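Student: Sending over upload_23.tsv (TSV, C-alpha atoms and all ligand atoms).
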chain	number	residue	atom	x	y	z
C	1	MET	CA	-12.05	4.19	-161.32
C	2	SER	CA	-15.10	5.49	-159.44
C	3	GLN	CA	-15.51	2.42	-157.28
C	4	ALA	CA	-15.81	2.86	-153.54
C	5	ALA	CA	-12.52	2.67	-151.66
C	6	ALA	CA	-13.79	-0.28	-149.62
C	7	GLU	CA	-13.90	-2.53	-152.71
C	8	PRO	CA	-10.44	-3.99	-153.39
C	9	ARG	CA	-9.16	-3.60	-156.95
C	10	PRO	CA	-7.52	-6.61	-158.61
C	11	VAL	CA	-4.69	-4.59	-160.18
C	12	ALA	CA	-2.74	-1.50	-159.22
C	13	ILE	CA	-2.85	1.21	-161.87
C	14	PRO	CA	0.49	3.07	-161.80
C	15	ALA	CA	0.53	6.84	-161.43
C	16	PRO	CA	1.60	8.56	-164.68
C	17	ILE	CA	5.18	9.86	-164.61
C	18	PRO	CA	5.17	13.61	-165.44
C	19	LEU	CA	6.38	14.22	-169.02
C	20	ARG	CA	8.78	16.90	-167.68
C	21	GLU	CA	10.53	14.13	-165.76
C	22	ILE	CA	10.75	11.82	-168.79
C	23	ALA	CA	11.88	14.40	-171.38
C	24	PRO	CA	15.60	14.69	-170.43
C	25	TRP	CA	15.96	10.89	-170.24
C	26	ALA	CA	14.13	10.41	-173.54
C	27	LEU	CA	16.41	12.97	-175.17
C	28	PHE	CA	19.83	11.81	-173.94
C	29	ALA	CA	19.24	8.06	-173.52
C	30	GLY	CA	17.13	8.06	-176.69
C	31	VAL	CA	19.98	9.49	-178.77
C	32	VAL	CA	22.53	7.02	-177.32
C	33	LEU	CA	20.20	4.03	-177.85
C	34	LEU	CA	19.40	5.03	-181.44
C	35	ALA	CA	23.14	5.47	-182.07
C	36	LEU	CA	23.68	1.89	-180.85
C	37	LEU	CA	21.01	0.66	-183.29
C	38	TYR	CA	22.71	2.61	-186.08
C	39	LEU	CA	26.15	1.14	-185.28
C	40	VAL	CA	24.95	-2.45	-185.15
C	41	GLY	CA	22.57	-2.17	-188.11
C	42	MET	CA	23.98	0.33	-190.59
C	43	ASP	CA	27.43	1.84	-190.05
C	44	GLN	CA	30.14	1.02	-192.63
C	45	GLY	CA	27.32	0.25	-195.07
C	46	ALA	CA	25.42	2.98	-196.90
C	47	THR	CA	26.97	5.54	-194.53
C	48	SER	CA	30.10	5.45	-192.36
C	49	VAL	CA	30.87	7.19	-189.07
C	50	PHE	CA	33.83	4.91	-188.47
C	51	SER	CA	36.09	4.22	-191.45
C	52	GLY	CA	37.06	0.72	-192.51
C	53	GLU	CA	34.97	-2.44	-192.46
C	54	VAL	CA	35.91	-4.25	-189.24
C	55	LEU	CA	32.76	-3.18	-187.32
C	56	HIS	CA	30.56	-4.17	-190.30
C	57	GLU	CA	32.32	-7.52	-190.65
C	58	PHE	CA	32.20	-8.27	-186.91
C	59	VAL	CA	28.42	-7.76	-186.48
C	60	HIS	CA	27.75	-8.94	-190.06
C	61	ASP	CA	25.70	-12.07	-189.30
C	62	GLY	CA	23.59	-10.24	-186.74
C	63	ARG	CA	22.97	-7.49	-189.27
C	64	HIS	CA	21.60	-9.98	-191.83
C	65	LEU	CA	19.54	-12.00	-189.32
C	66	LEU	CA	18.10	-8.89	-187.64
C	67	GLY	CA	16.75	-7.86	-191.06
C	68	PHE	CA	18.97	-4.82	-191.71
C	69	PRO	CA	19.94	-4.25	-195.36
C	70	CYS	CA	23.40	-5.64	-196.18
C	71	HIS	CA	25.02	-7.38	-199.14
O	72	MET	CA	11.75	6.33	-161.59
O	73	VAL	CA	12.67	6.77	-165.27
O	74	ARG	CA	16.25	5.74	-164.52
O	75	ALA	CA	15.07	2.60	-162.69
O	76	LEU	CA	12.90	1.62	-165.66
O	77	LEU	CA	15.69	2.35	-168.15
O	78	VAL	CA	18.20	0.13	-166.29
O	79	ARG	CA	15.66	-2.72	-166.06
O	80	GLY	CA	14.72	-2.42	-169.74
O	81	MET	CA	18.33	-2.57	-170.87
O	82	LEU	CA	19.03	-5.51	-168.55
O	83	ALA	CA	16.01	-7.39	-169.94
O	84	GLY	CA	17.23	-6.53	-173.44
O	85	LEU	CA	20.67	-7.97	-172.70
O	86	LEU	CA	19.12	-11.28	-171.64
O	87	ALA	CA	16.69	-11.30	-174.56
O	88	GLY	CA	19.53	-10.55	-177.00
O	89	LEU	CA	21.57	-13.51	-175.72
O	90	LEU	CA	18.57	-15.85	-175.98
O	91	ALA	CA	17.73	-14.66	-179.51
O	92	ALA	CA	21.40	-15.00	-180.55
O	93	LEU	CA	21.30	-18.62	-179.42
O	94	PHE	CA	18.19	-19.18	-181.58
O	95	ALA	CA	19.73	-17.31	-184.51
O	96	GLY	CA	22.95	-19.32	-184.21
O	97	LEU	CA	21.14	-22.65	-184.21
O	98	VAL	CA	18.34	-21.89	-186.71
O	99	GLY	CA	19.59	-18.95	-188.77
O	100	GLU	CA	23.28	-19.71	-189.37
O	101	PRO	CA	22.66	-22.81	-191.59
O	102	ALA	CA	20.53	-20.66	-193.95
O	103	LEU	CA	23.08	-17.82	-193.81
O	104	ASP	CA	25.80	-20.32	-194.77
O	105	GLY	CA	23.60	-21.34	-197.70
O	106	GLY	CA	23.76	-17.77	-198.99
O	107	ILE	CA	27.56	-17.67	-198.56
O	108	ALA	CA	27.87	-21.03	-200.39
O	109	TYR	CA	25.92	-19.54	-203.32
O	110	GLU	CA	28.17	-16.46	-203.23
O	111	ASP	CA	31.34	-18.61	-203.21
O	112	ALA	CA	30.04	-20.70	-206.12
O	113	LEU	CA	29.40	-17.50	-208.14
O	114	ALA	CA	32.91	-16.22	-207.35
O	115	ALA	CA	34.51	-19.55	-208.24
O	116	ALA	CA	32.59	-19.66	-211.55
O	117	ALA	CA	33.87	-16.15	-212.34
O	118	GLY	CA	37.41	-17.28	-211.52
O	119	GLU	CA	37.82	-14.85	-208.60
O	120	GLU	CA	40.35	-15.57	-205.88
O	121	ALA	CA	39.01	-15.55	-202.30
O	122	GLY	CA	40.37	-12.45	-200.50
O	123	VAL	CA	41.53	-12.32	-196.89
O	124	ALA	CA	38.50	-11.58	-194.66
O	125	PRO	CA	39.11	-8.99	-191.89
O	126	VAL	CA	36.95	-11.10	-189.54
O	127	SER	CA	36.83	-14.90	-189.90
O	128	ARG	CA	33.55	-16.76	-190.51
O	129	GLY	CA	34.07	-18.56	-187.21
O	130	VAL	CA	34.06	-15.25	-185.30
O	131	GLN	CA	31.23	-13.74	-187.38
O	132	SER	CA	28.88	-16.66	-186.77
O	133	THR	CA	29.46	-16.89	-183.01
O	134	VAL	CA	30.86	-13.94	-181.02
O	135	GLY	CA	29.98	-11.39	-183.70
O	136	LEU	CA	26.44	-12.72	-183.96
O	137	ALA	CA	25.96	-12.65	-180.18
O	138	VAL	CA	27.42	-9.12	-179.81
O	139	GLY	CA	25.17	-7.84	-182.62
O	140	PHE	CA	22.04	-9.32	-181.05
O	141	VAL	CA	22.96	-8.16	-177.52
O	142	ILE	CA	23.59	-4.55	-178.65
O	143	TYR	CA	20.27	-4.60	-180.53
O	144	GLY	CA	18.52	-6.10	-177.47
O	145	VAL	CA	19.96	-3.52	-175.05
O	146	ALA	CA	19.05	-0.64	-177.38
O	147	VAL	CA	15.50	-1.88	-178.00
O	148	GLY	CA	15.10	-2.67	-174.27
O	149	GLY	CA	16.10	0.88	-173.34
O	150	ILE	CA	13.75	2.42	-175.90
O	151	LEU	CA	10.93	0.12	-174.72
O	152	ALA	CA	11.57	1.30	-171.14
O	153	LEU	CA	11.38	4.97	-172.16
O	154	VAL	CA	8.10	4.37	-174.03
O	155	CYS	CA	6.68	2.38	-171.10
O	156	ALA	CA	7.66	5.19	-168.70
O	157	THR	CA	5.51	7.49	-170.83
O	158	ALA	CA	2.66	5.01	-171.34
O	159	GLN	CA	2.20	3.63	-167.84
O	160	GLY	CA	-0.78	5.13	-166.05
O	161	ARG	CA	-1.94	6.70	-169.31
O	162	LEU	CA	-3.48	3.63	-170.98
O	163	GLY	CA	-6.74	3.14	-169.08
O	164	ALA	CA	-6.71	0.54	-166.33
O	165	LEU	CA	-3.55	-1.30	-167.43
O	166	SER	CA	-1.11	-2.28	-164.68
O	167	ALA	CA	2.59	-1.48	-165.12
O	168	ARG	CA	3.22	-5.10	-166.10
O	169	ALA	CA	0.39	-5.20	-168.65
O	170	THR	CA	1.57	-1.85	-170.09
O	171	VAL	CA	4.96	-3.44	-170.85
O	172	VAL	CA	3.34	-6.34	-172.71
O	173	VAL	CA	1.01	-4.08	-174.72
O	174	VAL	CA	3.76	-1.60	-175.66
O	175	ALA	CA	6.13	-4.44	-176.65
O	176	ALA	CA	3.43	-6.09	-178.79
O	177	VAL	CA	2.66	-2.82	-180.58
O	178	GLY	CA	6.40	-2.18	-180.94
O	179	PHE	CA	7.06	-5.60	-182.46
O	180	VAL	CA	4.27	-5.19	-185.02
O	181	ALA	CA	5.19	-1.58	-185.93
O	182	ALA	CA	9.01	-1.75	-185.83
O	183	VAL	CA	9.64	-5.33	-187.00
O	184	LEU	CA	6.67	-7.19	-188.51
O	185	VAL	CA	5.28	-4.48	-190.80
O	186	PRO	CA	8.73	-3.38	-192.13
O	187	PHE	CA	9.60	-7.08	-192.63
O	188	ILE	CA	6.51	-7.62	-194.79
O	189	LYS	CA	7.53	-4.74	-197.08
O	190	TYR	CA	11.31	-5.23	-197.02
O	191	PRO	CA	12.05	-8.74	-195.68
O	192	ALA	CA	15.44	-9.86	-194.35
O	193	ASN	CA	17.84	-11.18	-197.00
O	194	PRO	CA	20.64	-13.75	-196.72
O	195	PRO	CA	24.11	-12.87	-198.08
O	196	ALA	CA	24.34	-12.56	-201.89
O	197	ALA	CA	20.55	-12.18	-202.37
O	198	SER	CA	20.82	-8.38	-202.86
O	199	ALA	CA	22.63	-6.14	-205.36
O	200	ASP	CA	25.73	-4.50	-203.80
O	201	ASP	CA	25.28	-1.10	-205.46
O	202	THR	CA	21.71	-0.55	-204.12
O	203	ILE	CA	22.75	-0.57	-200.43
O	204	GLY	CA	22.06	3.18	-200.16
O	205	LEU	CA	18.54	2.89	-201.58
O	206	ARG	CA	17.72	-0.23	-199.56
O	207	THR	CA	18.99	1.31	-196.31
O	208	GLY	CA	17.08	4.56	-196.91
O	209	LEU	CA	13.81	2.81	-197.72
O	210	PHE	CA	14.18	0.52	-194.69
O	211	VAL	CA	14.64	3.51	-192.37
O	212	VAL	CA	11.65	5.25	-193.96
O	213	VAL	CA	9.30	2.27	-193.56
O	214	VAL	CA	10.35	1.71	-189.92
O	215	ALA	CA	10.01	5.41	-189.05
O	216	VAL	CA	6.63	5.82	-190.77
O	217	SER	CA	5.22	2.61	-189.29
O	218	VAL	CA	6.37	3.47	-185.75
O	219	GLY	CA	5.12	7.05	-186.14
O	220	LEU	CA	1.70	5.84	-187.29
O	221	ALA	CA	1.54	3.35	-184.39
O	222	VAL	CA	2.30	6.12	-181.87
O	223	GLY	CA	-0.39	8.26	-183.51
O	224	ALA	CA	-2.88	5.37	-183.40
O	225	THR	CA	-2.17	4.81	-179.69
O	226	VAL	CA	-2.72	8.49	-178.87
O	227	LEU	CA	-5.92	8.41	-180.96
O	228	ALA	CA	-7.19	5.28	-179.17
O	229	ARG	CA	-6.64	7.01	-175.82
O	230	ARG	CA	-8.61	10.08	-176.96
O	231	LEU	CA	-11.47	8.02	-178.44
O	232	SER	CA	-11.73	5.76	-175.38
O	233	ALA	CA	-13.54	8.48	-173.44
O	234	THR	CA	-16.49	8.39	-175.86
O	235	LEU	CA	-16.29	4.96	-177.57
O	236	GLY	CA	-14.91	2.85	-174.71
O	237	TRP	CA	-11.51	1.09	-174.99
O	238	TRP	CA	-12.66	-1.86	-177.14
O	239	ASN	CA	-14.10	0.24	-179.96
O	240	ALA	CA	-11.42	2.91	-179.62
O	241	VAL	CA	-8.61	0.37	-180.08
O	242	LEU	CA	-10.44	-1.25	-183.03
O	243	ALA	CA	-10.89	2.14	-184.73
O	244	ALA	CA	-7.27	3.23	-184.14
O	245	ALA	CA	-5.82	-0.14	-185.21
O	246	GLY	CA	-7.98	-0.05	-188.35
O	247	GLY	CA	-6.73	3.46	-189.12
O	248	TYR	CA	-3.10	2.34	-188.64
O	249	LEU	CA	-3.62	-0.65	-190.92
O	250	VAL	CA	-5.22	1.39	-193.74
O	251	LEU	CA	-2.49	4.05	-193.67
O	252	VAL	CA	0.44	1.63	-193.35
O	253	VAL	CA	-0.85	-0.50	-196.25
O	254	LEU	CA	-1.17	2.68	-198.32
O	255	VAL	CA	2.44	3.62	-197.49
O	256	GLY	CA	3.56	0.08	-198.33
O	257	VAL	CA	1.87	0.24	-201.72
O	258	LEU	CA	3.36	3.66	-202.51
O	259	LEU	CA	6.97	2.79	-201.55
O	260	PRO	CA	9.03	1.15	-204.32
O	261	THR	CA	9.37	-2.63	-204.43
O	262	ILE	CA	12.86	-4.16	-204.21
O	263	ALA	CA	13.15	-7.39	-206.21
O	264	GLU	CA	16.84	-8.19	-206.61
O	265	THR	CA	17.07	-11.88	-205.68
O	266	PRO	CA	19.02	-13.64	-208.47
O	267	ALA	CA	16.80	-16.04	-210.47
O	268	ASP	CA	18.96	-19.03	-209.53
O	269	PHE	CA	19.28	-18.18	-205.82
O	270	PRO	CA	18.21	-21.28	-203.84
O	271	ALA	CA	14.57	-20.74	-202.80
O	272	ALA	CA	14.87	-22.94	-199.71
O	273	VAL	CA	17.79	-20.83	-198.43
O	274	LEU	CA	15.81	-17.62	-198.90
O	275	TYR	CA	12.70	-19.07	-197.21
O	276	ASP	CA	14.58	-20.61	-194.29
O	277	PHE	CA	16.62	-17.45	-193.76
O	278	ARG	CA	13.56	-15.17	-193.63
O	279	LEU	CA	11.69	-17.52	-191.30
O	280	ALA	CA	14.75	-17.73	-188.99
O	281	SER	CA	15.12	-13.93	-189.02
O	282	LEU	CA	11.47	-13.39	-188.04
O	283	GLY	CA	11.76	-16.19	-185.47
O	284	GLY	CA	14.82	-14.56	-183.91
O	285	HIS	CA	12.94	-11.27	-183.56
O	286	LEU	CA	9.97	-13.09	-182.03
O	287	VAL	CA	12.26	-14.76	-179.46
O	288	LEU	CA	13.97	-11.44	-178.68
O	289	TRP	CA	10.82	-9.32	-178.31
O	290	THR	CA	8.90	-11.99	-176.36
O	291	ALA	CA	11.77	-12.56	-173.92
O	292	LEU	CA	12.31	-8.80	-173.60
O	293	ALA	CA	8.63	-8.15	-172.84
O	294	LEU	CA	8.27	-10.97	-170.30
O	295	VAL	CA	11.56	-10.32	-168.45
O	296	PHE	CA	11.02	-6.54	-168.36
O	297	ALA	CA	7.39	-7.04	-167.23
O	298	GLU	CA	8.59	-9.24	-164.37
O	299	LEU	CA	11.30	-6.75	-163.33
O	300	VAL	CA	8.80	-3.86	-163.43
O	301	ASP	CA	6.29	-5.89	-161.40
O	302	ARG	CA	8.90	-6.72	-158.76
O	303	ALA	CA	9.97	-3.09	-158.52
O	304	THR	CA	6.39	-1.96	-157.84
O	305	ARG	CA	5.33	-4.97	-155.75
O	306	PRO	CA	5.49	-3.43	-152.22
O	307	ALA	CA	3.11	-0.67	-153.31
O	308	ALA	CA	0.96	-3.03	-155.36
O	309	ALA	CA	0.66	-5.63	-152.62
O	310	ALA	CA	-1.32	-3.23	-150.47
O	311	LEU	CA	-3.99	-3.02	-153.16
O	312	ARG	CA	-4.24	-6.76	-153.78
C	401	ZN	ZN	26.24	-8.94	-195.72
Rewrite the coordinates I just gave you, this time as structure tokens.
Tutor:
Amino acid sequence: MSQAAAEPRPVAIPAPIPLREIAPWALFAGVVLLALLYLVGMDQGATSVFSGEVLHEFVHDGRHLLGFPCH
Amino acid sequence: MVRALLVRGMLAGLLAGLLAALFAGLVGEPALDGGIAYEDALAAAAGEEAGVAPVSRGVQSTVGLAVGFVIYGVAVGGILALVCATAQGRLGALSARATVVVVAAVGFVAAVLVPFIKYPANPPAASADDTIGLRTGLFVVVVAVSVGLAVGATVLARRLSATLGWWNAVLAAAGGYLVLVVLVGVLLPTIAETPADFPAAVLYDFRLASLGGHLVLWTALALVFAELVDRATRPAAAALR
């Protein structure tokens, strides 16, 4: 970090992105992404947002092999 | 900047999900079928008629499997991108590319490996139907606690690095994570529902295939996302090389 400017560094250290800039993305995208995880891993199981069992049955094998609790 | 990372993370996740679905289809489906064969044998012995399935086995084991893995990959890729956006430039001298690999490795251990050791994946018919609520709740708890502790350990390592140096700081924080997560694992209830006559080879093969699928997904995600991030920052980075 304190090396002279003349000495080339092997890697570029990225500048930190201000947390203010990340917060809105983390909030909105974070909620959508977690909702996707919930739909593929849990819905129509212990809890249901969508009624029926078609979603559960369609992603059923992925649910088992991804390690989510099922039947 | 955040948006660019998010798009790349989700794109890498899509690719990783497809690759892992291919692995899961080839390696995991035979074991999953073993569980269904056991289930069918139980039903036949009890004299139950097979009902009409809303989605056929052929669809479940191919398109359904791929869609499930791709959605999981895109979601995990997006979350990885958001965490990397926060971590890059804040973890010592790590480049953007190395940050992706480190965050993905910590994420795999905290969100997949540790929860798997406590509550491993189960093939069909190896669990009791009426405990789905308990099993789902405990699974969410162990993932949330493990990920929370890993985030705490990373923040702690960053703080300690100023006085201890990165090597000792990471060792101390990782040791702290391990002690606390083992304690949580011991305190949480054990689930032991596998029927006594469930085929052991099916259970073993299924769990190995499940962990293998996650390993394929997270490795591909980390390497593809790292490459995309590196390419995006290359013009600026080239000047420093
Ligand atoms: Zn199931």
Student: Find the residues of chain C in contact range of chain O, meaning any atom within 8 Å when counting only C-alpha atoms, and list them as a ChimeraX atom specification.
Tutor: /C:8-17,19,21-22,25-26,29-30,33-34,36-37,40,42,45-47,53-54,57-71
Student: Write out as a list of chain:residue names the residues lying within 10 Å of Trp237 (chain O), counting only C-alpha atoms and excluding same-chain residues fewer than 4 positions away.
Tutor: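 The residues that qualify are O:Leu162, O:Gly163, O:Ala164, O:Ala228, O:Arg229, O:Arg230, O:Leu231, O:Ser232, O:Ala233, O:Val241, O:Leu242, O:Ala243.
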Student: Quick one: write out the picked residues with C-alpha atoms as a CSV table (one decimal), keeping the file's coordinate frame?
Tutor:
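What follows is the written file again-v5.csv:
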chain,number,residue,atom,x,y,z
O,162,LEU,CA,-3.5,3.6,-171.0
O,163,GLY,CA,-6.7,3.1,-169.1
O,164,ALA,CA,-6.7,0.5,-166.3
O,228,ALA,CA,-7.2,5.3,-179.2
O,229,ARG,CA,-6.6,7.0,-175.8
O,230,ARG,CA,-8.6,10.1,-177.0
O,231,LEU,CA,-11.5,8.0,-178.4
O,232,SER,CA,-11.7,5.8,-175.4
O,233,ALA,CA,-13.5,8.5,-173.4
O,241,VAL,CA,-8.6,0.4,-180.1
O,242,LEU,CA,-10.4,-1.2,-183.0
O,243,ALA,CA,-10.9,2.1,-184.7
Student: By how many Å are CA of Gln44 (chain C) and CA of Val31 (chain C) apart?
Tutor: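 According to the coordinates, CA of Gln44 (chain C) and CA of Val31 (chain C) are separated by 19.2 Å.
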Student: What is the CA of Arg302 (chain O) to CA of Val171 (chain O) distance in Å?
Tutor: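 Between CA of Arg302 (chain O) and CA of Val171 (chain O) the gap works out to 13.1 Å.
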Student: Need to verify the contact set: Gly256 (chain O), 9 Å, all atoms listed in the file, exclusion of same-chain residues closer than 4 positions in sequence. Can you return it as a ChimeraX atom specification?
Tutor: /O:185-186,188-189,213,251-252,260-261
Student: Nearest residue to ligand ZN 401 (chain C) out of O:Val273, O:Val300, O:Val257, O:Ile107, using only C-alpha atoms and all ligand atoms?
Tutor: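 Looking at the shortest contact to ligand ZN 401 (chain C), the residue is O:Ile107.
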Student: At what distance in Å, to one decimal, does CA of Tyr38 (chain C) lie from CA of Leu294 (chain O)?
Tutor: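 Here the two named atoms are 25.3 Å from each other.
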Student: Out of O:Ala116, O:Gly106, O:Ala182, O:Ala75, which residue has the shortest atom-to-atom distance to ligand ZN 401 (chain C) when counting only C-alpha atoms and all ligand atoms?
Tutor: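 For ligand ZN 401 (chain C), the nearest of the given residues is O:Gly106.
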Student: Counting all atoms listed in the file, which residue out of C:His56, C:Leu39, C:Arg20, C:Ser48 sits closest to ligand ZN 401 (chain C)?
Tutor: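 Of the candidates, the smallest distance to ligand ZN 401 (chain C) is held by C:His56.
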Student: Nearest residue to ligand ZN 401 (chain C) out of C:Ser51, C:Gly41, C:Pro18, C:Phe28, using all atoms listed in the file?
Tutor: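 Among the listed residues, the smallest separation from ligand ZN 401 (chain C) belongs to C:Gly41.
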